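Text of run12.pdb (PDB, C-alpha atoms) as supplied:
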ATOM      1  CA  ASN D  24      -0.558 105.113  75.308  1.00  0.00           C
ATOM      2  CA  ALA D  25       1.600 103.305  72.734  1.00  0.00           C
ATOM      3  CA  GLY D  26       4.901 105.147  73.368  1.00  0.00           C
ATOM      4  CA  VAL D  27       7.212 105.035  70.336  1.00  0.00           C
ATOM      5  CA  THR D  28       5.994 103.015  67.361  1.00  0.00           C
ATOM      6  CA  GLN D  29       8.262 101.998  64.506  1.00  0.00           C
ATOM      7  CA  THR D  30       7.243 100.407  61.223  1.00  0.00           C
ATOM      8  CA  PRO D  31       8.121  98.130  59.590  1.00  0.00           C
ATOM      9  CA  LYS D  32       9.768  95.652  61.991  1.00  0.00           C
ATOM     10  CA  PHE D  33      11.682  93.894  59.215  1.00  0.00           C
ATOM     11  CA  GLN D  34      12.648  94.972  55.689  1.00  0.00           C
ATOM     12  CA  VAL D  35      14.809  93.599  52.899  1.00  0.00           C
ATOM     13  CA  LEU D  36      15.926  96.025  50.199  1.00  0.00           C
ATOM     14  CA  LYS D  37      17.949  95.680  47.059  1.00  0.00           C
ATOM     15  CA  THR D  38      20.962  97.924  46.581  1.00  0.00           C
ATOM     16  CA  GLY D  39      19.841 101.254  45.149  1.00  0.00           C
ATOM     17  CA  GLN D  40      16.249 101.064  46.350  1.00  0.00           C
ATOM     18  CA  SER D  41      14.805 103.764  48.539  1.00  0.00           C
ATOM     19  CA  MET D  42      12.479 103.475  51.505  1.00  0.00           C
ATOM     20  CA  THR D  43      11.164 105.308  54.546  1.00  0.00           C
ATOM     21  CA  LEU D  44      11.267 104.004  58.088  1.00  0.00           C
ATOM     22  CA  GLN D  45       8.343 105.360  60.064  1.00  0.00           C
ATOM     23  CA  CYS D  46       8.453 106.560  63.669  1.00  0.00           C
ATOM     24  CA  ALA D  47       5.595 107.982  65.700  1.00  0.00           C
ATOM     25  CA  GLN D  48       5.293 108.912  69.375  1.00  0.00           C
ATOM     26  CA  ASP D  49       2.226 109.827  71.390  1.00  0.00           C
ATOM     27  CA  MET D  50       3.946 111.352  74.441  1.00  0.00           C
ATOM     28  CA  ASN D  51       4.124 114.903  73.060  1.00  0.00           C
ATOM     29  CA  HIS D  52       7.920 114.783  73.238  1.00  0.00           C
ATOM     30  CA  GLU D  53       9.843 117.533  71.509  1.00  0.00           C
ATOM     31  CA  TYR D  54      13.106 115.626  71.096  1.00  0.00           C
ATOM     32  CA  MET D  55      13.288 112.709  68.643  1.00  0.00           C
ATOM     33  CA  SER D  56      16.242 110.836  67.233  1.00  0.00           C
ATOM     34  CA  TRP D  57      17.300 107.949  65.020  1.00  0.00           C
ATOM     35  CA  TYR D  58      20.068 105.489  65.884  1.00  0.00           C
ATOM     36  CA  ARG D  59      21.571 102.529  64.147  1.00  0.00           C
ATOM     37  CA  GLN D  60      22.839  99.546  66.106  1.00  0.00           C
ATOM     38  CA  ASP D  61      25.648  97.422  64.756  1.00  0.00           C
ATOM     39  CA  PRO D  62      27.445  94.568  66.572  1.00  0.00           C
ATOM     40  CA  GLY D  63      30.163  95.834  68.896  1.00  0.00           C
ATOM     41  CA  MET D  64      29.446  99.496  68.140  1.00  0.00           C
ATOM     42  CA  GLY D  65      26.599 100.398  70.434  1.00  0.00           C
ATOM     43  CA  LEU D  66      24.017 102.843  69.152  1.00  0.00           C
ATOM     44  CA  ARG D  67      25.155 105.595  66.832  1.00  0.00           C
ATOM     45  CA  LEU D  68      23.143 108.739  66.266  1.00  0.00           C
ATOM     46  CA  ILE D  69      22.045 109.305  62.665  1.00  0.00           C
ATOM     47  CA  HIS D  70      19.808 112.408  62.861  1.00  0.00           C
ATOM     48  CA  TYR D  71      17.846 114.157  65.562  1.00  0.00           C
ATOM     49  CA  SER D  72      15.197 116.818  65.992  1.00  0.00           C
ATOM     50  CA  VAL D  73      14.552 119.204  68.887  1.00  0.00           C
ATOM     51  CA  GLY D  74      11.082 120.092  67.662  1.00  0.00           C
ATOM     52  CA  ALA D  75       8.789 120.305  64.641  1.00  0.00           C
ATOM     53  CA  GLY D  76      10.549 121.901  61.683  1.00  0.00           C
ATOM     54  CA  ILE D  77      14.045 121.482  63.177  1.00  0.00           C
ATOM     55  CA  THR D  78      16.447 118.658  62.336  1.00  0.00           C
ATOM     56  CA  ASP D  79      20.190 118.199  62.625  1.00  0.00           C
ATOM     57  CA  GLN D  80      22.856 115.641  61.833  1.00  0.00           C
ATOM     58  CA  GLY D  81      24.259 113.123  64.247  1.00  0.00           C
ATOM     59  CA  GLU D  82      27.384 111.012  64.085  1.00  0.00           C
ATOM     60  CA  VAL D  83      26.565 108.966  60.928  1.00  0.00           C
ATOM     61  CA  PRO D  84      24.151 110.994  58.738  1.00  0.00           C
ATOM     62  CA  ASN D  85      25.410 110.107  55.256  1.00  0.00           C
ATOM     63  CA  GLY D  86      22.851 108.292  53.099  1.00  0.00           C
ATOM     64  CA  TYR D  87      19.901 109.254  55.307  1.00  0.00           C
ATOM     65  CA  ASN D  88      17.397 112.112  55.284  1.00  0.00           C
ATOM     66  CA  VAL D  89      14.856 113.154  57.905  1.00  0.00           C
ATOM     67  CA  SER D  90      12.056 115.661  58.258  1.00  0.00           C
ATOM     68  CA  ARG D  91       9.867 116.718  61.179  1.00  0.00           C
ATOM     69  CA  SER D  92       6.618 118.234  59.996  1.00  0.00           C
ATOM     70  CA  THR D  93       4.705 117.324  63.173  1.00  0.00           C
ATOM     71  CA  THR D  94       5.633 116.753  66.823  1.00  0.00           C
ATOM     72  CA  GLU D  95       4.474 113.122  66.584  1.00  0.00           C
ATOM     73  CA  ASP D  96       6.268 111.851  63.468  1.00  0.00           C
ATOM     74  CA  PHE D  97       9.935 111.592  62.532  1.00  0.00           C
ATOM     75  CA  PRO D  98      10.479 109.464  59.399  1.00  0.00           C
ATOM     76  CA  LEU D  99      13.925 108.331  58.255  1.00  0.00           C
ATOM     77  CA  ARG D 100      14.521 108.073  54.512  1.00  0.00           C
ATOM     78  CA  LEU D 101      17.143 105.947  52.825  1.00  0.00           C
ATOM     79  CA  LEU D 102      17.721 107.546  49.435  1.00  0.00           C
ATOM     80  CA  SER D 103      19.679 104.768  47.704  1.00  0.00           C
ATOM     81  CA  ALA D 104      20.205 101.755  49.931  1.00  0.00           C
ATOM     82  CA  ALA D 105      23.689 100.256  50.243  1.00  0.00           C
ATOM     83  CA  PRO D 106      24.807  96.998  51.934  1.00  0.00           C
ATOM     84  CA  SER D 107      26.627  99.121  54.548  1.00  0.00           C
ATOM     85  CA  GLN D 108      23.203 100.305  55.728  1.00  0.00           C
ATOM     86  CA  THR D 109      22.275  96.796  56.843  1.00  0.00           C
ATOM     87  CA  SER D 110      21.580  97.352  60.534  1.00  0.00           C
ATOM     88  CA  VAL D 111      18.942  97.582  63.227  1.00  0.00           C
ATOM     89  CA  TYR D 112      17.417 101.060  63.399  1.00  0.00           C
ATOM     90  CA  PHE D 113      15.910 102.555  66.527  1.00  0.00           C
ATOM     91  CA  CYS D 114      13.832 105.666  66.904  1.00  0.00           C
ATOM     92  CA  ALA D 115      13.719 107.384  70.293  1.00  0.00           C
ATOM     93  CA  SER D 116      11.911 110.313  71.860  1.00  0.00           C
ATOM     94  CA  SER D 117      12.370 112.293  75.056  1.00  0.00           C
ATOM     95  CA  TYR D 118      10.955 115.343  76.755  1.00  0.00           C
ATOM     96  CA  ASP D 119      14.271 117.086  76.103  1.00  0.00           C
ATOM     97  CA  GLU D 120      17.924 116.180  75.533  1.00  0.00           C
ATOM     98  CA  GLY D 121      18.756 115.486  79.164  1.00  0.00           C
ATOM     99  CA  THR D 122      15.862 113.261  80.140  1.00  0.00           C
ATOM    100  CA  GLU D 123      14.882 109.617  79.674  1.00  0.00           C
ATOM    101  CA  ALA D 124      14.831 108.478  76.053  1.00  0.00           C
ATOM    102  CA  PHE D 125      12.045 106.073  75.107  1.00  0.00           C
ATOM    103  CA  PHE D 126      12.933 103.698  72.291  1.00  0.00           C
ATOM    104  CA  GLY D 127      10.807 101.941  69.719  1.00  0.00           C
ATOM    105  CA  GLN D 128      11.073  98.208  69.077  1.00  0.00           C
ATOM    106  CA  GLY D 129      13.443  98.673  66.174  1.00  0.00           C
ATOM    107  CA  THR D 130      13.501  97.965  62.433  1.00  0.00           C
ATOM    108  CA  ARG D 131      15.825  95.260  61.172  1.00  0.00           C
ATOM    109  CA  LEU D 132      16.958  96.281  57.689  1.00  0.00           C
ATOM    110  CA  THR D 133      18.897  94.072  55.304  1.00  0.00           C
ATOM    111  CA  VAL D 134      20.273  95.468  52.042  1.00  0.00           C
ATOM    112  CA  VAL D 135      21.283  92.847  49.492  1.00  0.00           C
TER
ATOM    113  CA  GLY V  15      31.727 115.343  70.659  1.00  0.00           C
ATOM    114  CA  GLU V  16      31.459 112.898  73.530  1.00  0.00           C
ATOM    115  CA  ASN V  17      33.320 109.550  73.417  1.00  0.00           C
ATOM    116  CA  VAL V  18      32.106 106.814  75.762  1.00  0.00           C
ATOM    117  CA  GLU V  19      34.066 103.620  76.351  1.00  0.00           C
ATOM    118  CA  GLN V  20      32.500 100.620  78.097  1.00  0.00           C
ATOM    119  CA  HIS V  21      34.064  97.516  79.666  1.00  0.00           C
ATOM    120  CA  PRO V  22      33.792  94.584  79.668  1.00  0.00           C
ATOM    121  CA  SER V  23      32.091  93.655  76.409  1.00  0.00           C
ATOM    122  CA  THR V  24      30.828  90.378  77.907  1.00  0.00           C
ATOM    123  CA  LEU V  25      30.245  89.376  81.512  1.00  0.00           C
ATOM    124  CA  SER V  26      29.176  86.001  82.881  1.00  0.00           C
ATOM    125  CA  VAL V  27      28.186  85.746  86.542  1.00  0.00           C
ATOM    126  CA  GLN V  28      26.722  83.088  88.797  1.00  0.00           C
ATOM    127  CA  GLU V  29      23.187  83.748  89.953  1.00  0.00           C
ATOM    128  CA  GLY V  30      23.301  85.646  93.211  1.00  0.00           C
ATOM    129  CA  ASP V  31      26.705  87.214  92.556  1.00  0.00           C
ATOM    130  CA  SER V  32      27.296  90.871  91.692  1.00  0.00           C
ATOM    131  CA  ALA V  33      27.964  92.355  88.259  1.00  0.00           C
ATOM    132  CA  VAL V  34      29.909  95.557  87.603  1.00  0.00           C
ATOM    133  CA  ILE V  35      30.141  97.432  84.308  1.00  0.00           C
ATOM    134  CA  LYS V  36      32.460 100.405  83.910  1.00  0.00           C
ATOM    135  CA  CYS V  37      32.365 103.346  81.512  1.00  0.00           C
ATOM    136  CA  THR V  38      34.607 106.325  80.850  1.00  0.00           C
ATOM    137  CA  TYR V  39      33.715 109.517  79.032  1.00  0.00           C
ATOM    138  CA  SER V  40      35.766 112.257  77.400  1.00  0.00           C
ATOM    139  CA  ASP V  41      33.752 115.480  77.691  1.00  0.00           C
ATOM    140  CA  SER V  42      34.236 117.110  81.101  1.00  0.00           C
ATOM    141  CA  ALA V  43      31.066 119.157  80.463  1.00  0.00           C
ATOM    142  CA  SER V  44      28.867 116.024  80.396  1.00  0.00           C
ATOM    143  CA  ASN V  45      26.207 116.138  83.083  1.00  0.00           C
ATOM    144  CA  TYR V  46      23.744 113.302  82.453  1.00  0.00           C
ATOM    145  CA  PHE V  47      24.640 109.596  82.529  1.00  0.00           C
ATOM    146  CA  PRO V  48      21.874 107.066  81.847  1.00  0.00           C
ATOM    147  CA  TRP V  49      22.089 103.276  81.736  1.00  0.00           C
ATOM    148  CA  TYR V  50      19.929 101.245  79.371  1.00  0.00           C
ATOM    149  CA  LYS V  51      19.028  97.547  79.334  1.00  0.00           C
ATOM    150  CA  GLN V  52      18.216  95.847  76.052  1.00  0.00           C
ATOM    151  CA  GLU V  53      16.524  92.470  75.976  1.00  0.00           C
ATOM    152  CA  LEU V  54      16.586  90.310  72.879  1.00  0.00           C
ATOM    153  CA  GLY V  55      14.473  91.712  70.067  1.00  0.00           C
ATOM    154  CA  LYS V  56      13.512  94.852  71.970  1.00  0.00           C
ATOM    155  CA  GLY V  57      14.552  98.452  72.144  1.00  0.00           C
ATOM    156  CA  PRO V  58      16.770  99.742  74.990  1.00  0.00           C
ATOM    157  CA  GLN V  59      14.985 100.727  78.177  1.00  0.00           C
ATOM    158  CA  LEU V  60      16.253 103.098  80.853  1.00  0.00           C
ATOM    159  CA  ILE V  61      17.038 101.357  84.146  1.00  0.00           C
ATOM    160  CA  ILE V  62      18.797 104.098  86.094  1.00  0.00           C
ATOM    161  CA  ASP V  63      20.435 107.465  85.497  1.00  0.00           C
ATOM    162  CA  ILE V  64      22.633 109.882  87.405  1.00  0.00           C
ATOM    163  CA  ARG V  65      23.397 113.559  87.070  1.00  0.00           C
ATOM    164  CA  SER V  66      26.714 115.248  87.664  1.00  0.00           C
ATOM    165  CA  ASN V  67      25.699 116.791  90.984  1.00  0.00           C
ATOM    166  CA  VAL V  68      25.261 113.313  92.519  1.00  0.00           C
ATOM    167  CA  GLY V  69      27.965 110.734  93.305  1.00  0.00           C
ATOM    168  CA  GLU V  70      25.825 107.640  93.758  1.00  0.00           C
ATOM    169  CA  LYS V  71      22.255 106.534  93.173  1.00  0.00           C
ATOM    170  CA  LYS V  72      20.524 103.287  94.114  1.00  0.00           C
ATOM    171  CA  ASP V  73      17.307 101.611  93.028  1.00  0.00           C
ATOM    172  CA  GLN V  74      16.738  98.251  94.707  1.00  0.00           C
ATOM    173  CA  ARG V  75      19.454  95.892  93.349  1.00  0.00           C
ATOM    174  CA  ILE V  76      20.905  98.441  90.933  1.00  0.00           C
ATOM    175  CA  ALA V  77      23.304 101.247  91.754  1.00  0.00           C
ATOM    176  CA  VAL V  78      25.312 103.707  89.721  1.00  0.00           C
ATOM    177  CA  THR V  79      28.397 105.626  90.844  1.00  0.00           C
ATOM    178  CA  LEU V  80      29.971 108.661  89.204  1.00  0.00           C
ATOM    179  CA  ASN V  81      33.484 110.015  89.569  1.00  0.00           C
ATOM    180  CA  LYS V  82      33.595 113.352  87.722  1.00  0.00           C
ATOM    181  CA  THR V  83      37.269 113.930  88.438  1.00  0.00           C
ATOM    182  CA  ALA V  84      38.274 110.670  86.790  1.00  0.00           C
ATOM    183  CA  LYS V  85      35.450 110.892  84.232  1.00  0.00           C
ATOM    184  CA  HIS V  86      34.113 107.428  84.850  1.00  0.00           C
ATOM    185  CA  PHE V  87      30.867 105.901  86.017  1.00  0.00           C
ATOM    186  CA  SER V  88      29.839 102.363  86.874  1.00  0.00           C
ATOM    187  CA  LEU V  89      26.760 100.177  87.093  1.00  0.00           C
ATOM    188  CA  HIS V  90      26.482  97.684  89.945  1.00  0.00           C
ATOM    189  CA  ILE V  91      23.907  94.894  89.990  1.00  0.00           C
ATOM    190  CA  THR V  92      23.710  92.908  93.219  1.00  0.00           C
ATOM    191  CA  GLU V  93      22.114  89.507  93.806  1.00  0.00           C
ATOM    192  CA  THR V  94      21.869  88.858  90.079  1.00  0.00           C
ATOM    193  CA  GLN V  95      18.918  86.901  88.756  1.00  0.00           C
ATOM    194  CA  PRO V  96      18.339  85.150  85.393  1.00  0.00           C
ATOM    195  CA  GLU V  97      16.131  88.042  84.239  1.00  0.00           C
ATOM    196  CA  ASP V  98      19.157  90.353  84.537  1.00  0.00           C
ATOM    197  CA  SER V  99      20.630  88.633  81.456  1.00  0.00           C
ATOM    198  CA  ALA V 100      20.625  91.283  78.716  1.00  0.00           C
ATOM    199  CA  VAL V 101      22.807  93.837  76.941  1.00  0.00           C
ATOM    200  CA  TYR V 102      23.552  96.941  79.016  1.00  0.00           C
ATOM    201  CA  PHE V 103      24.566 100.300  77.559  1.00  0.00           C
ATOM    202  CA  CYS V 104      26.000 103.288  79.329  1.00  0.00           C
ATOM    203  CA  ALA V 105      25.572 106.725  77.787  1.00  0.00           C
ATOM    204  CA  ALA V 106      26.480 110.343  78.367  1.00  0.00           C
ATOM    205  CA  ILE V 107      25.286 113.703  77.129  1.00  0.00           C
ATOM    206  CA  GLY V 108      28.039 116.133  76.214  1.00  0.00           C
ATOM    207  CA  ASP V 109      27.921 119.866  75.672  1.00  0.00           C
ATOM    208  CA  ASP V 110      26.502 119.248  72.181  1.00  0.00           C
ATOM    209  CA  TYR V 111      23.365 117.844  73.897  1.00  0.00           C
ATOM    210  CA  LYS V 112      23.641 114.571  71.973  1.00  0.00           C
ATOM    211  CA  LEU V 113      23.387 111.205  73.724  1.00  0.00           C
ATOM    212  CA  SER V 114      26.505 109.081  73.077  1.00  0.00           C
ATOM    213  CA  PHE V 115      26.446 105.360  73.882  1.00  0.00           C
ATOM    214  CA  GLY V 116      29.082 102.880  74.912  1.00  0.00           C
ATOM    215  CA  ALA V 117      29.501  99.714  72.824  1.00  0.00           C
ATOM    216  CA  GLY V 118      27.449  97.599  75.238  1.00  0.00           C
ATOM    217  CA  THR V 119      28.027  94.745  77.705  1.00  0.00           C
ATOM    218  CA  THR V 120      26.339  91.374  77.252  1.00  0.00           C
ATOM    219  CA  VAL V 121      25.552  90.044  80.717  1.00  0.00           C
ATOM    220  CA  THR V 122      24.779  86.361  81.197  1.00  0.00           C
ATOM    221  CA  VAL V 123      23.556  85.136  84.576  1.00  0.00           C
ATOM    222  CA  ARG V 124      24.229  81.411  85.050  1.00  0.00           C
ATOM    223  CA  ALA V 125      21.697  79.474  87.084  1.00  0.00           C
TER
END

Structure rendered as structure tokens:
Amino acid sequence: NAGVTQTPKFQVLKTGQSMTLQCAQDMNHEYMSWYRQDPGMGLRLIHYSVGAGITDQGEVPNGYNVSRSTTEDFPLRLLSAAPSQTSVYFCASSYDEGTEAFFGQGTRLTVV
Amino acid sequence: GENVEQHPSTLSVQEGDSAVIKCTYSDSASNYFPWYKQELGKGPQLIIDIRSNVGEKKDQRIAVTLNKTAKHFSLHITETQPEDSAVYFCAAIGDDYKLSFGAGTTVTVRA
């Protein structure tokens, strides 16, 4: 039982490049979400999904896309990377919105 | 949406002393208040949570209190140990069902 798995752990992008951060969970959780963590700002919600085929925007969605074709996977796409997207990204899953969220190990992204 | 404020941003305590972290929230409809601990290089991990129908909850050296009238909740760690050194986040779920986090408290336990 791996929990929530994020890949890659580290990534350096050039401004304007695109990439996908992968997130997979093996707990059969319906609720999945993406956060970014910046110094002094806690974790801010980017996008979330309450089940396969359903996604919605969080607090800071601009510049990011998501899709949820299966219960297990919730990839986050950066369409055209900008230096302001330099951050640590965490994926999380939970049984539903009001229960324990399990976090992945994070992806440290640097945009130069 | 929910707005969660957390204080202090840093906290240094002597081993064996207590640590207290306080959070306030804005949405009176919020009903779930988890606390997460994040160690260096890892993702946050739930350490304790409380729901709005409960005023206090304890788990060994950790306790959380909730005051719904004042819209604040606190984390208490007693008999601190070096392994308690980490970043702690409070969070709340508002009526939009989204989890909102405080800015975090870096706790350092001095030996």

- Report as JSON, numbers by chain the full result of the PyMOL selection byres ((chain D and resi 69-73) around 9) when it is applied to this structure. {"D": [53, 54, 55, 56, 57, 58, 59, 67, 68, 74, 75, 76, 77, 78, 79, 80, 81, 82, 83, 84, 85, 87, 88, 89, 90, 91, 97, 99, 119, 120], "V": [112]}

- Message: Give me the residues near Gly65 in chain D as number ranges by chain, where near means some atom within 12 Å (using all atoms listed in the file) and where sequence neighbours in that chain fewer than 4 positions away do not count.
- Response: D: 58-61, 110-113; V: 17-20, 23, 50, 52, 58, 101-105, 113-120

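Considering all atoms listed in the file, the residue among V:Asp98, V:Thr83, V:Glu16, V:Gly108 positioned nearest to Ala125 in chain V is V:Asp98.
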
- Task: Check what the PyMOL selection byres ((chain V and resi 62) around 8) selects in the file above and give those residues as a PyMOL selection string.
- Result: chain V and resi 48-50+60-61+63-64+73+76-78

Listing only residues of chain D within 7 Å of chain V, what is the closest atom pair and its distance in Å (to one decimal) for each, using all atoms listed in the file, sorted by chain and residue number ascending, as a Markdown table?
| residue | atom | partner | partner_atom | distance |
| --- | --- | --- | --- | --- |
| D:Gly63 | CA | V:Ala117 | CA | 5.6 |
| D:Met64 | CA | V:Ala117 | CA | 4.7 |
| D:Gly65 | CA | V:Ala117 | CA | 3.8 |
| D:Leu66 | CA | V:Phe115 | CA | 5.9 |
| D:Glu120 | CA | V:Tyr111 | CA | 5.9 |
| D:Gly121 | CA | V:Tyr46 | CA | 6.4 |
| D:Glu123 | CA | V:Leu60 | CA | 6.8 |
| D:Phe125 | CA | V:Gln59 | CA | 6.8 |
| D:Phe126 | CA | V:Gly57 | CA | 5.5 |
| D:Gly127 | CA | V:Gly57 | CA | 5.7 |
| D:Gln128 | CA | V:Gly57 | CA | 4.6 |
| D:Gly129 | CA | V:Gly57 | CA | 6.1 |

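Residues matched by the PyMOL selection byres ((chain D and resi 43-48) around 7) in this file: Gly26, Val27, Thr28, Gln29, Thr30, Pro31, Met42, Asp49, Met50, Glu95, Asp96, Phe97, Pro98, Leu99, Arg100, Leu101 and Cys114 of chain D.
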
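Taking CA of Thr133 in chain D as the reference point, CA of Thr24 in chain V is found at 25.8 Å.
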
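CA of Lys51 in chain V is found 16.4 Å from CA of Ser116 in chain D.
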
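Atom to atom, CA of Ser66 in chain V and CA of His86 in chain V stand 11.1 Å apart.
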
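Every protein, DNA or RNA residue with an atom at most 8 Å from Gln28 in chain V, where only C-alpha atoms count and chain neighbours fewer than 4 positions away do not, is listed here: Thr94, Val123, Arg124 and Ala125 of chain V.
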
Go ahead and save the picked residues with C-alpha atoms, as a PDB file, in the frame of the given file.
ATOM      1  CA  THR V  94      21.869  88.858  90.079  1.00  0.00           C
ATOM      2  CA  VAL V 123      23.556  85.136  84.576  1.00  0.00           C
ATOM      3  CA  ARG V 124      24.229  81.411  85.050  1.00  0.00           C
ATOM      4  CA  ALA V 125      21.697  79.474  87.084  1.00  0.00           C
TER       5      ALA V 125
END

Put the listed atoms of range 38-52 of chain D in a box along x, y and z with 5 Å added on every side and give me the centre and edge lengths in Å to one decimal, as JSON.
{"center_x": 11.6, "center_y": 106.4, "center_z": 59.8, "size_x": 28.7, "size_y": 27.0, "size_z": 39.3}

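In terms of minimum interatomic distance to Asn67 in chain V, V:Ser44 ranks closest within V:Thr122, V:Ser88, V:Gln95, V:Ser44, counting only C-alpha atoms.
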
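Polymer residues near (23.7, 99.7, 46.6): counting all atoms listed in the file with a cut-off of 9 Å, they are Lys37, Thr38, Gly39, Gln40, Ser103, Ala104, Ala105, Pro106, Ser107, Val134 and Val135 of chain D.
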
For the residues in that selection, give me C-alpha atoms as an mmCIF file, in the frame of the given file.
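Result went into selection-v5.cif, see below:
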data_model
loop_
_atom_site.group_PDB
_atom_site.id
_atom_site.type_symbol
_atom_site.label_atom_id
_atom_site.label_comp_id
_atom_site.auth_asym_id
_atom_site.auth_seq_id
_atom_site.Cartn_x
_atom_site.Cartn_y
_atom_site.Cartn_z
ATOM 1 C CA LYS D 37 17.949 95.680 47.059
ATOM 2 C CA THR D 38 20.962 97.924 46.581
ATOM 3 C CA GLY D 39 19.841 101.254 45.149
ATOM 4 C CA GLN D 40 16.249 101.064 46.350
ATOM 5 C CA SER D 103 19.679 104.768 47.704
ATOM 6 C CA ALA D 104 20.205 101.755 49.931
ATOM 7 C CA ALA D 105 23.689 100.256 50.243
ATOM 8 C CA PRO D 106 24.807 96.998 51.934
ATOM 9 C CA SER D 107 26.627 99.121 54.548
ATOM 10 C CA VAL D 134 20.273 95.468 52.042
ATOM 11 C CA VAL D 135 21.283 92.847 49.492
#

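Closest approach to Lys36 in chain V among V:Phe87, V:Lys82, V:Arg75, V:Glu70: V:Phe87, based on all atoms listed in the file.
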